[in-house]
file input_24.txt (compact mmCIF, C-alpha atoms and all ligand atoms)
# COMPACT_ATOMS: atom_id res chain seq x y z
CA LYS A 1 21.42 -41.66 -20.49
CA LEU A 2 20.77 -41.69 -16.75
CA ASP A 3 20.95 -38.04 -15.65
CA LEU A 4 19.99 -37.59 -12.02
CA LYS A 5 22.69 -35.08 -11.11
CA GLY A 6 21.65 -32.80 -8.24
CA LYS A 7 18.34 -34.57 -7.64
CA ASP A 8 17.01 -35.85 -4.33
CA PHE A 9 16.28 -39.55 -3.81
CA LEU A 10 13.21 -39.52 -1.57
CA LYS A 11 10.98 -42.16 -3.16
CA LEU A 12 10.98 -44.36 -6.28
CA LEU A 13 7.79 -42.68 -7.49
CA ASP A 14 9.84 -39.51 -8.20
CA PHE A 15 11.66 -41.39 -10.97
CA SER A 16 10.66 -42.93 -14.28
CA ILE A 17 10.60 -46.66 -14.85
CA GLU A 18 13.63 -46.26 -17.14
CA GLU A 19 15.55 -44.35 -14.46
CA VAL A 20 14.91 -46.97 -11.75
CA GLN A 21 15.88 -49.77 -14.14
CA ALA A 22 19.04 -47.87 -15.13
CA LEU A 23 19.98 -47.47 -11.43
CA VAL A 24 19.69 -51.25 -10.95
CA VAL A 25 21.85 -51.92 -14.02
CA LEU A 26 24.40 -49.32 -12.84
CA ALA A 27 24.47 -50.91 -9.36
CA ASP A 28 25.13 -54.29 -10.98
CA ASP A 29 28.02 -52.79 -12.97
CA MET A 30 29.44 -51.03 -9.91
CA LYS A 31 29.34 -54.31 -7.98
CA LYS A 32 31.19 -56.11 -10.77
CA GLN A 33 33.71 -53.34 -11.49
CA LYS A 34 34.56 -51.77 -8.15
CA GLU A 35 37.90 -50.29 -9.32
CA LYS A 36 36.36 -48.44 -12.25
CA TYR A 37 34.47 -46.15 -9.85
CA ALA A 38 37.15 -45.85 -7.14
CA ASP A 39 37.65 -42.08 -7.63
CA ALA A 40 34.20 -41.24 -8.95
CA LEU A 41 33.26 -39.03 -5.97
CA LYS A 42 36.78 -38.03 -4.94
CA GLY A 43 36.77 -35.44 -2.18
CA GLN A 44 32.99 -35.31 -1.82
CA ILE A 45 31.42 -35.48 1.61
CA LEU A 46 28.19 -37.22 2.54
CA GLY A 47 26.53 -36.39 5.86
CA MET A 48 24.35 -39.14 7.30
CA ILE A 49 21.71 -38.05 9.82
CA PHE A 50 20.10 -40.79 11.90
CA GLU A 51 16.97 -40.14 13.95
CA LYS A 52 16.48 -43.93 14.36
CA ASN A 53 18.82 -46.89 14.85
CA SER A 54 20.59 -48.60 11.97
CA THR A 55 23.22 -51.21 11.17
CA ARG A 56 22.99 -51.77 7.40
CA THR A 57 22.07 -48.28 6.26
CA ARG A 58 24.69 -46.63 8.40
CA VAL A 59 27.58 -48.91 7.50
CA SER A 60 26.66 -49.50 3.84
CA PHE A 61 26.34 -45.78 3.11
CA GLU A 62 29.62 -45.00 4.80
CA ALA A 63 31.36 -47.86 2.97
CA ALA A 64 29.74 -46.76 -0.31
CA ILE A 65 30.97 -43.16 -0.15
CA LEU A 66 34.45 -44.29 0.95
CA GLN A 67 34.64 -46.80 -1.92
CA LEU A 68 33.80 -43.97 -4.33
CA GLY A 69 36.71 -41.87 -3.05
CA GLY A 70 34.63 -39.57 -0.84
CA ASN A 71 34.06 -39.24 2.88
CA GLY A 72 31.09 -40.07 5.08
CA MET A 73 30.08 -38.38 8.29
CA PHE A 74 27.78 -40.12 10.78
CA LEU A 75 25.46 -37.62 12.47
CA SER A 76 23.29 -38.90 15.28
CA SER A 77 20.26 -36.67 15.83
CA ASP A 78 20.58 -36.83 19.61
CA GLN A 79 24.03 -35.24 19.32
CA LEU A 80 22.96 -32.61 16.79
CA GLN A 81 21.03 -29.45 17.67
CA ILE A 82 17.96 -30.93 15.92
CA GLY A 83 17.79 -33.15 19.00
CA ARG A 84 17.32 -29.91 21.00
CA GLY A 85 14.78 -28.32 18.72
CA GLU A 86 16.73 -26.64 15.89
CA THR A 87 14.51 -26.89 12.82
CA ILE A 88 15.13 -29.38 10.05
CA GLU A 89 15.06 -26.43 7.58
CA ASP A 90 17.86 -24.58 9.34
CA THR A 91 19.81 -27.82 9.66
CA GLY A 92 19.44 -28.45 5.91
CA LYS A 93 20.60 -24.95 5.00
CA VAL A 94 23.60 -25.09 7.32
CA LEU A 95 24.72 -28.58 6.29
CA SER A 96 24.44 -27.64 2.60
CA GLY A 97 27.32 -25.24 3.17
CA TYR A 98 29.61 -28.07 4.31
CA LEU A 99 28.48 -31.19 2.50
CA ASP A 100 27.91 -32.49 -1.05
CA GLY A 101 25.00 -34.73 -0.08
CA ILE A 102 22.82 -35.60 2.91
CA MET A 103 21.33 -38.96 3.76
CA ILE A 104 18.69 -39.02 6.48
CA ARG A 105 16.77 -41.71 8.36
CA THR A 106 13.79 -40.10 10.01
CA HIS A 107 10.16 -40.43 11.10
CA GLY A 108 7.42 -38.76 9.02
CA HIS A 109 8.02 -38.58 5.27
CA ASP A 110 7.08 -34.87 5.38
CA ARG A 111 10.21 -34.31 7.44
CA ILE A 112 12.53 -35.49 4.64
CA GLU A 113 10.54 -33.43 2.13
CA THR A 114 11.05 -30.34 4.29
CA LEU A 115 14.76 -31.08 4.55
CA ALA A 116 15.08 -31.62 0.79
CA GLU A 117 13.27 -28.36 0.12
CA ALA A 118 15.64 -26.42 2.41
CA ALA A 119 18.89 -28.13 1.40
CA SER A 120 20.73 -27.15 -1.78
CA VAL A 121 22.54 -30.51 -2.01
CA PRO A 122 20.96 -33.89 -2.86
CA VAL A 123 18.99 -35.48 -0.01
CA ILE A 124 18.70 -39.27 0.12
CA ASN A 125 16.07 -41.27 1.99
CA GLY A 126 17.64 -43.81 4.35
CA LEU A 127 14.12 -44.77 5.61
CA THR A 128 11.08 -42.82 6.67
CA ASP A 129 7.85 -44.14 8.20
CA LEU A 130 6.41 -44.27 4.66
CA TYR A 131 9.23 -45.41 2.37
CA HIS A 132 12.58 -47.20 2.22
CA PRO A 133 13.66 -46.70 -1.41
CA CYS A 134 17.34 -47.66 -1.01
CA GLN A 135 16.19 -51.00 0.39
CA ALA A 136 13.91 -51.57 -2.61
CA LEU A 137 16.70 -50.74 -5.03
CA ALA A 138 18.95 -53.32 -3.34
CA ASP A 139 16.09 -55.82 -3.47
CA LEU A 140 15.60 -55.22 -7.19
CA LEU A 141 19.32 -55.77 -7.73
CA THR A 142 19.01 -59.05 -5.84
CA VAL A 143 16.09 -60.16 -8.04
CA TYR A 144 18.04 -59.11 -11.15
CA GLU A 145 21.02 -61.20 -10.04
CA HIS A 146 18.82 -64.27 -9.62
CA LYS A 147 16.59 -63.92 -12.65
CA GLY A 148 18.51 -61.72 -15.10
CA SER A 149 15.25 -59.82 -15.71
CA PHE A 150 12.02 -58.85 -13.93
CA LYS A 151 9.00 -59.54 -16.10
CA GLY A 152 7.46 -62.96 -15.59
CA SER A 153 8.50 -63.20 -11.91
CA LYS A 154 6.24 -62.78 -8.91
CA MET A 155 7.19 -60.95 -5.71
CA VAL A 156 5.01 -61.59 -2.65
CA TYR A 157 5.19 -59.57 0.55
CA VAL A 158 3.68 -61.17 3.65
CA GLY A 159 3.12 -59.15 6.84
CA ASP A 160 2.94 -55.50 7.79
CA GLY A 161 2.04 -53.01 5.03
CA ASN A 162 4.91 -50.74 6.10
CA ASN A 163 7.68 -48.55 4.64
CA VAL A 164 9.61 -51.54 3.26
CA ALA A 165 6.43 -52.99 1.70
CA HIS A 166 5.57 -49.63 0.11
CA SER A 167 8.91 -49.17 -1.64
CA LEU A 168 9.06 -52.84 -2.62
CA MET A 169 5.61 -52.82 -4.24
CA ILE A 170 6.31 -49.66 -6.20
CA GLY A 171 9.72 -50.94 -7.32
CA ALA A 172 8.60 -54.43 -8.26
CA VAL A 173 5.58 -53.23 -10.23
CA MET A 174 7.67 -50.53 -11.95
CA MET A 175 9.90 -53.35 -13.20
CA GLY A 176 6.86 -55.28 -14.41
CA MET A 177 6.96 -58.02 -11.76
CA ASP A 178 3.67 -59.45 -10.57
CA PHE A 179 3.13 -58.49 -6.94
CA ALA A 180 0.94 -59.71 -4.09
CA LEU A 181 0.71 -58.42 -0.55
CA ALA A 182 -0.92 -60.39 2.28
CA ALA A 183 -1.62 -58.41 5.44
CA PRO A 184 -4.13 -58.74 8.28
CA LYS A 185 -6.99 -56.27 8.54
CA GLY A 186 -5.84 -52.98 9.97
CA TYR A 187 -2.24 -53.46 8.81
CA GLU A 188 -2.72 -53.13 5.05
CA ALA A 189 -0.45 -50.93 2.97
CA ASP A 190 -1.24 -47.22 2.75
CA SER A 191 -4.22 -46.74 0.45
CA SER A 192 -2.60 -44.00 -1.64
CA VAL A 193 0.49 -46.16 -2.20
CA ILE A 194 -1.82 -49.04 -3.26
CA GLU A 195 -3.48 -46.69 -5.75
CA LYS A 196 -0.11 -45.63 -7.19
CA THR A 197 0.92 -49.27 -7.44
CA LYS A 198 -2.25 -50.13 -9.36
CA GLU A 199 -1.71 -47.19 -11.73
CA LEU A 200 1.83 -48.39 -12.41
CA ALA A 201 0.64 -51.96 -12.90
CA ALA A 202 -1.80 -50.78 -15.56
CA LYS A 203 1.22 -49.31 -17.40
CA THR A 204 3.65 -52.22 -16.98
CA GLY A 205 1.18 -55.10 -17.25
CA ALA A 206 2.03 -56.39 -13.77
CA VAL A 207 -0.69 -58.34 -11.97
CA VAL A 208 -1.21 -57.01 -8.42
CA THR A 209 -3.15 -58.63 -5.59
CA PHE A 210 -3.96 -57.32 -2.11
CA THR A 211 -5.35 -59.96 0.24
CA GLU A 212 -5.59 -61.13 3.84
CA ASP A 213 -4.70 -64.70 2.87
CA PRO A 214 -0.96 -65.50 2.85
CA ILE A 215 -1.41 -68.97 1.27
CA GLU A 216 -3.42 -67.47 -1.58
CA ALA A 217 -0.84 -64.68 -2.03
CA VAL A 218 2.22 -66.95 -2.31
CA LYS A 219 0.80 -69.14 -5.09
CA GLY A 220 3.31 -68.94 -7.96
CA ALA A 221 5.72 -66.78 -5.92
CA ASP A 222 9.34 -66.58 -7.07
CA PHE A 223 10.21 -64.42 -4.05
CA ILE A 224 8.55 -64.23 -0.62
CA TYR A 225 9.48 -61.14 1.35
CA THR A 226 8.74 -60.19 4.93
CA ASP A 227 9.78 -57.55 7.44
CA VAL A 228 9.45 -57.04 11.19
CA TRP A 229 5.95 -56.88 12.64
CA THR A 230 6.86 -53.91 14.84
CA SER A 231 8.75 -51.12 13.11
CA MET A 232 10.89 -48.50 14.82
CA GLY A 233 8.61 -46.11 16.67
CA GLN A 234 5.82 -48.69 17.17
CA GLU A 235 7.35 -50.47 20.17
CA GLU A 236 4.31 -49.82 22.40
CA GLU A 237 2.09 -51.77 19.98
CA SER A 238 4.33 -54.83 19.86
CA ALA A 239 2.16 -57.19 21.97
CA VAL A 240 -0.97 -56.43 19.92
CA ARG A 241 1.01 -56.80 16.71
CA LEU A 242 2.54 -60.16 17.73
CA ASN A 243 -0.99 -61.45 18.07
CA ALA A 244 -2.38 -59.91 14.86
CA PHE A 245 0.48 -61.15 12.70
CA ALA A 246 0.84 -64.67 14.16
CA PRO A 247 -0.81 -66.36 11.11
CA TYR A 248 1.57 -64.47 8.79
CA GLN A 249 4.86 -66.09 9.74
CA VAL A 250 6.96 -67.07 6.72
CA ASN A 251 7.79 -70.68 7.56
CA GLU A 252 8.41 -73.97 5.77
CA LYS A 253 4.69 -74.53 5.22
CA LEU A 254 4.16 -71.16 3.56
CA LEU A 255 7.32 -71.51 1.46
CA SER A 256 6.12 -74.91 0.21
CA ALA A 257 2.97 -73.24 -1.20
CA ALA A 258 5.15 -71.11 -3.52
CA GLN A 259 7.24 -72.05 -6.61
CA ALA A 260 9.73 -74.86 -5.95
CA ASP A 261 12.74 -72.52 -6.36
CA CYS A 262 11.17 -69.61 -4.44
CA LYS A 263 13.68 -67.37 -2.61
CA PHE A 264 13.13 -65.85 0.81
CA MET A 265 13.84 -62.14 1.25
CA HIS A 266 13.99 -59.87 4.31
CA CYS A 267 15.41 -56.36 4.67
CA LEU A 268 16.74 -57.27 8.17
CA PRO A 269 16.98 -57.06 11.11
CA ALA A 270 14.99 -60.32 11.43
CA HIS A 271 13.26 -61.93 14.38
CA ARG A 272 13.45 -65.71 14.08
CA GLY A 273 10.29 -67.30 15.45
CA GLU A 274 8.22 -64.17 14.73
CA GLU A 275 7.89 -62.99 11.10
CA VAL A 276 10.15 -65.80 9.86
CA SER A 277 10.95 -69.29 11.14
CA ALA A 278 14.61 -70.00 11.89
CA GLY A 279 14.53 -72.77 9.28
CA VAL A 280 13.51 -70.44 6.45
CA MET A 281 15.74 -67.57 7.57
CA ASP A 282 18.83 -69.80 7.66
CA GLY A 283 17.77 -72.25 4.94
CA ASP A 284 18.78 -72.69 1.29
CA ALA A 285 16.03 -70.42 -0.05
CA SER A 286 17.22 -67.42 1.96
CA VAL A 287 18.97 -64.60 0.07
CA VAL A 288 18.86 -62.10 2.95
CA PHE A 289 22.61 -61.56 3.25
CA GLN A 290 22.93 -61.00 -0.48
CA GLN A 291 20.23 -58.32 -0.11
CA ALA A 292 22.14 -56.77 2.78
CA GLU A 293 25.36 -56.62 0.75
CA ASN A 294 23.46 -55.18 -2.19
CA ARG A 295 22.44 -52.19 -0.09
CA MET A 296 25.97 -50.88 -0.53
CA HIS A 297 26.10 -51.50 -4.29
CA ALA A 298 22.67 -49.98 -4.90
CA GLN A 299 23.56 -46.91 -2.82
CA LYS A 300 26.82 -46.48 -4.72
CA ALA A 301 24.67 -46.17 -7.86
CA VAL A 302 22.47 -43.58 -6.14
CA LEU A 303 25.38 -41.55 -4.73
CA TYR A 304 27.24 -41.63 -8.05
CA SER A 305 24.19 -40.60 -10.08
CA LEU A 306 23.18 -37.75 -7.77
CA MET A 307 26.58 -36.41 -6.73
CA LYS A 308 28.95 -36.89 -9.69
CA LYS A 309 30.40 -33.54 -10.82
N1 LIG B 401 17.42 -52.92 6.31
C1 LIG B 401 17.84 -51.83 6.98
O1 LIG B 401 17.57 -50.66 6.62
O2 LIG B 401 18.62 -52.12 8.06
P1 LIG B 401 19.14 -51.10 9.18
O3 LIG B 401 17.96 -50.67 9.99
O4 LIG B 401 20.14 -51.89 9.97
O5 LIG B 401 19.77 -49.91 8.48
N1 LIG B 402 10.02 -51.55 8.83
C1 LIG B 402 11.24 -51.48 9.59
C2 LIG B 402 12.43 -51.56 8.68
C3 LIG B 402 13.76 -51.53 9.34
C4 LIG B 402 14.89 -51.59 8.37
C5 LIG B 402 11.24 -50.21 10.43
O1 LIG B 402 10.82 -49.16 9.93
O2 LIG B 402 11.66 -50.27 11.58

call {"tool": "encode", "arguments": {"input": "input_24.txt", "output": "structure tokens", "more": "lines below"}}
Ligand code: CP
Ligand code: NVA
result
Amino acid sequence: KLDLKGKDFLKLLDFSIEEVQALVVLADDMKKQKEKYADALKGQILGMIFEKNSTRTRVSFEAAILQLGGNGMFLSSDQLQIGRGETIEDTGKVLSGYLDGIMIRTHGHDRIETLAEAASVPVINGLTDLYHPCQALADLLTVYEHKGSFKGSKMVYVGDGNNVAHSLMIGAVMMGMDFALAAPKGYEADSSVIEKTKELAAKTGAVVTFTEDPIEAVKGADFIYTDVWTSMGQEEESAVRLNAFAPYQVNEKLLSAAQADCKFMHCLPAHRGEEVSAGVMDGDASVVFQQAENRMHAQKAVLYSLMKK
């Protein structure tokens, strides 16, 4: 019943609640039954354009397409002509003649929209400044593996209202999870994404809270999530950010204010001693490496759904 053939995967908001849920269930099945999908994308080629660094996205996408019987091509923007000023539109048109799908990690979200408009093959978001939907899908799979369902659980994001936070809040609320975000003044989530989240919450019955107080936010949390305080492209602000976010570290004290079996989540890469204490990052509550593995399984579901013939 999930028919996403030929579509782009730019943000979760482009899909229905049923479609996102079906992608999570498919990812779970693909993780459990690797062999069943071994030839699913036989002979298909995915190009992967990176305008920012990556470990997980790069390797998990390449592994995902290879596991599905296809081929992956790593394309670093500084070695492509886009690094010398060729337009993203021309790049999209040219690559569509060679490839069956394009994944891109880029800066402004408008840039991926322009690429998707120009390309005739599916375009997948491997992170923009605004969204990181493949990360959120992997995170939902991780929640699903722990809880077996979504409703009745609470996801709390503590820290910068960034791309990871945006996709997480949309995804969690779509699935009917309660959601809270604690961020310092000036670093709140994007106001239009907050509005969309509230609209979705009204549909799914999720309770959403936006606050400056991390202790208040984590009350009743089943999952506490954080991300880096300085995202790629913000390096010049890092000293100011270190200072602004200091009270928002996820540490043993904050974890103890949540549910007793609360799990710690992080998209990685992590900075121990900044957004998370070493004890929490490496402790029993941490599910960060499960999340990282789930990137590959979630992306297999995306690639299969968009690119299957
Ligand atoms: N979480 C994530 O997207 O990691 P990378 O930057 O290593 O791809
Ligand atoms: N918010 C981070 C996520 C990295 C995976 C960034 O954009 O750099």

call {"tool": "closest_residue", "arguments": {"input": "input_24.txt", "among": "A:Glu212, A:Asp178, A:Glu252, A:Asp139", "to": "ligand LIG 401 (chain B)", "atoms": "only C-alpha atoms and all ligand atoms"}}
result
A:Asp139

call {"tool": "atom_distance", "arguments": {"input": "input_24.txt", "atom1": "atom CA of Leu200 of chain A", "atom2": "atom CA of Pro122 of chain A"}}
result
25.8 Å

call {"tool": "atom_distance", "arguments": {"input": "input_24.txt", "atom1": "atom CA of Asp100 of chain A", "atom2": "atom CA of Glu51 of chain A"}}
result
20.1 Å

call {"tool": "residues_near_ligand", "arguments": {"input": "input_24.txt", "ligand": "ligand LIG 402 (chain B)", "cutoff": "9 Å", "atoms": "all atoms listed in the file", "output": "number ranges by chain"}}
result
A: 52-57, 107, 127-132, 135, 160-165, 227-234, 267-269

call {"tool": "atom_distance", "arguments": {"input": "input_24.txt", "atom1": "atom CA of Tyr304 of chain A", "atom2": "atom CA of Ala292 of chain A"}}
result
19.3 Å

call {"tool": "closest_residue", "arguments": {"input": "input_24.txt", "among": "A:Leu181, A:Leu2, A:Leu137, A:Leu306", "to": "ligand LIG 401 (chain B)", "atoms": "all atoms listed in the file"}}
result
A:Leu137

call {"tool": "residues_around", "arguments": {"input": "input_24.txt", "residues": "Ala22 of chain A", "least_positions_apart": "2", "cutoff": "12 Å", "atoms": "only C-alpha atoms", "output": "PyMOL selection string"}}
result
chain A and resi 1-4+15-20+24-29+137+140-141+144+175+298+301-302+305

call {"tool": "write_last_selection", "arguments": {"input": "input_24.txt", "atoms": "C-alpha atoms", "output": "mmCIF file, in the coordinates of the input"}}
result
data_model
loop_
_atom_site.group_PDB
_atom_site.id
_atom_site.type_symbol
_atom_site.label_atom_id
_atom_site.label_comp_id
_atom_site.auth_asym_id
_atom_site.auth_seq_id
_atom_site.Cartn_x
_atom_site.Cartn_y
_atom_site.Cartn_z
ATOM 1 C CA LYS A 1 21.420 -41.660 -20.490
ATOM 2 C CA LEU A 2 20.770 -41.690 -16.750
ATOM 3 C CA ASP A 3 20.950 -38.040 -15.650
ATOM 4 C CA LEU A 4 19.990 -37.590 -12.020
ATOM 5 C CA PHE A 15 11.660 -41.390 -10.970
ATOM 6 C CA SER A 16 10.660 -42.930 -14.280
ATOM 7 C CA ILE A 17 10.600 -46.660 -14.850
ATOM 8 C CA GLU A 18 13.630 -46.260 -17.140
ATOM 9 C CA GLU A 19 15.550 -44.350 -14.460
ATOM 10 C CA VAL A 20 14.910 -46.970 -11.750
ATOM 11 C CA VAL A 24 19.690 -51.250 -10.950
ATOM 12 C CA VAL A 25 21.850 -51.920 -14.020
ATOM 13 C CA LEU A 26 24.400 -49.320 -12.840
ATOM 14 C CA ALA A 27 24.470 -50.910 -9.360
ATOM 15 C CA ASP A 28 25.130 -54.290 -10.980
ATOM 16 C CA ASP A 29 28.020 -52.790 -12.970
ATOM 17 C CA LEU A 137 16.700 -50.740 -5.030
ATOM 18 C CA LEU A 140 15.600 -55.220 -7.190
ATOM 19 C CA LEU A 141 19.320 -55.770 -7.730
ATOM 20 C CA TYR A 144 18.040 -59.110 -11.150
ATOM 21 C CA MET A 175 9.900 -53.350 -13.200
ATOM 22 C CA ALA A 298 22.670 -49.980 -4.900
ATOM 23 C CA ALA A 301 24.670 -46.170 -7.860
ATOM 24 C CA VAL A 302 22.470 -43.580 -6.140
ATOM 25 C CA SER A 305 24.190 -40.600 -10.080
#

call {"tool": "closest_residue", "arguments": {"input": "input_24.txt", "among": "A:Val158, A:Leu13, A:Val59, A:Met265", "to": "ligand LIG 401 (chain B)", "atoms": "all atoms listed in the file"}}
result
A:Val59

call {"tool": "closest_residue", "arguments": {"input": "input_24.txt", "among": "A:Pro133, A:Gly43, A:Gly186, A:Gly273", "to": "ligand LIG 401 (chain B)", "atoms": "only C-alpha atoms and all ligand atoms"}}
result
A:Pro133

call {"tool": "residues_near_point", "arguments": {"input": "input_24.txt", "point": "(31.8, -37.5, 5.4)", "cutoff": "7 Å", "atoms": "all atoms listed in the file", "output": "list of chain:residue names"}}
result
A:Ile45, A:Leu46, A:Gly47, A:Asn71, A:Gly72, A:Met73

call {"tool": "residues_around", "arguments": {"input": "input_24.txt", "residues": "Leu41 of chain A", "least_positions_apart": "2", "cutoff": "10 Å", "atoms": "all atoms listed in the file", "output": "PyMOL selection string"}}
result
chain A and resi 37-39+43-45+65-71+100+300+303-304+307-309

call {"tool": "residues_around", "arguments": {"input": "input_24.txt", "residues": "Ala118 of chain A", "least_positions_apart": "2", "cutoff": "8 Å", "atoms": "only C-alpha atoms", "output": "list in words"}}
result
Glu89, Asp90, Gly92, Lys93, Thr114, Leu115, Ala116 and Ser120 of chain A

call {"tool": "closest_residue", "arguments": {"input": "input_24.txt", "among": "A:Val121, A:Ala206, A:Ala258, A:Met48", "to": "ligand LIG 401 (chain B)", "atoms": "all atoms listed in the file"}}
result
A:Met48

call {"tool": "closest_residue", "arguments": {"input": "input_24.txt", "among": "A:Arg105, A:Lys5, A:Arg272, A:Lys36", "to": "ligand LIG 401 (chain B)", "atoms": "only C-alpha atoms and all ligand atoms"}}
result
A:Arg105

call {"tool": "decode", "arguments": {"input": "input_24.txt", "residues": "segment 45-65 of chain A", "atoms": "N, CA and C atoms", "output": "JSON list (two decimals), in the first residue's frame"}}
result
[["chain", "number", "residue", "atom", "x", "y", "z"],
["A", 45, "ILE", "N", 21.75, 2.84, -9.91],
["A", 45, "ILE", "CA", 22.90, 3.63, -9.43],
["A", 45, "ILE", "C", 22.42, 4.86, -8.67],
["A", 46, "LEU", "N", 22.95, 5.00, -7.47],
["A", 46, "LEU", "CA", 22.66, 6.17, -6.64],
["A", 46, "LEU", "C", 23.89, 7.07, -6.61],
["A", 47, "GLY", "N", 23.72, 8.34, -6.97],
["A", 47, "GLY", "CA", 24.80, 9.32, -6.82],
["A", 47, "GLY", "C", 24.62, 10.04, -5.50],
["A", 48, "MET", "N", 25.71, 10.27, -4.80],
["A", 48, "MET", "CA", 25.62, 10.88, -3.47],
["A", 48, "MET", "C", 26.50, 12.12, -3.43],
["A", 49, "ILE", "N", 25.84, 13.30, -3.50],
["A", 49, "ILE", "CA", 26.59, 14.56, -3.52],
["A", 49, "ILE", "C", 26.75, 15.09, -2.10],
["A", 50, "PHE", "N", 27.97, 15.40, -1.72],
["A", 50, "PHE", "CA", 28.22, 15.95, -0.39],
["A", 50, "PHE", "C", 28.84, 17.34, -0.49],
["A", 51, "GLU", "N", 28.11, 18.33, 0.04],
["A", 51, "GLU", "CA", 28.64, 19.69, 0.14],
["A", 51, "GLU", "C", 29.08, 19.99, 1.58],
["A", 52, "LYS", "N", 28.95, 18.97, 2.45],
["A", 52, "LYS", "CA", 29.42, 19.05, 3.85],
["A", 52, "LYS", "C", 30.00, 17.68, 4.21],
["A", 53, "ASN", "N", 30.73, 17.63, 5.31],
["A", 53, "ASN", "CA", 31.34, 16.37, 5.75],
["A", 53, "ASN", "C", 30.28, 15.34, 6.17],
["A", 54, "SER", "N", 30.68, 14.09, 6.24],
["A", 54, "SER", "CA", 29.78, 13.04, 6.70],
["A", 54, "SER", "C", 30.54, 11.74, 6.94],
["A", 55, "THR", "N", 30.15, 11.04, 7.98],
["A", 55, "THR", "CA", 30.60, 9.65, 8.18],
["A", 55, "THR", "C", 29.42, 8.71, 7.97],
["A", 56, "ARG", "N", 28.39, 8.87, 8.81],
["A", 56, "ARG", "CA", 27.24, 7.97, 8.79],
["A", 56, "ARG", "C", 26.45, 8.02, 7.48],
["A", 57, "THR", "N", 26.12, 9.22, 7.05],
["A", 57, "THR", "CA", 25.25, 9.35, 5.88],
["A", 57, "THR", "C", 25.97, 8.79, 4.65],
["A", 58, "ARG", "N", 27.22, 9.13, 4.54],
["A", 58, "ARG", "CA", 27.99, 8.66, 3.38],
["A", 58, "ARG", "C", 28.07, 7.14, 3.35],
["A", 59, "VAL", "N", 28.50, 6.56, 4.47],
["A", 59, "VAL", "CA", 28.77, 5.12, 4.46],
["A", 59, "VAL", "C", 27.47, 4.31, 4.51],
["A", 60, "SER", "N", 26.47, 4.80, 5.25],
["A", 60, "SER", "CA", 25.22, 4.04, 5.35],
["A", 60, "SER", "C", 24.44, 4.07, 4.03],
["A", 61, "PHE", "N", 24.48, 5.16, 3.30],
["A", 61, "PHE", "CA", 23.81, 5.19, 2.00],
["A", 61, "PHE", "C", 24.52, 4.28, 1.00],
["A", 62, "GLU", "N", 25.84, 4.32, 1.03],
["A", 62, "GLU", "CA", 26.57, 3.47, 0.07],
["A", 62, "GLU", "C", 26.33, 2.00, 0.41],
["A", 63, "ALA", "N", 26.40, 1.66, 1.70],
["A", 63, "ALA", "CA", 26.14, 0.27, 2.11],
["A", 63, "ALA", "C", 24.70, -0.12, 1.75],
["A", 64, "ALA", "N", 23.76, 0.80, 1.95],
["A", 64, "ALA", "CA", 22.35, 0.50, 1.69],
["A", 64, "ALA", "C", 22.12, 0.16, 0.21],
["A", 65, "ILE", "N", 22.65, 0.99, -0.69],
["A", 65, "ILE", "CA", 22.40, 0.72, -2.11],
["A", 65, "ILE", "C", 23.14, -0.56, -2.55]]
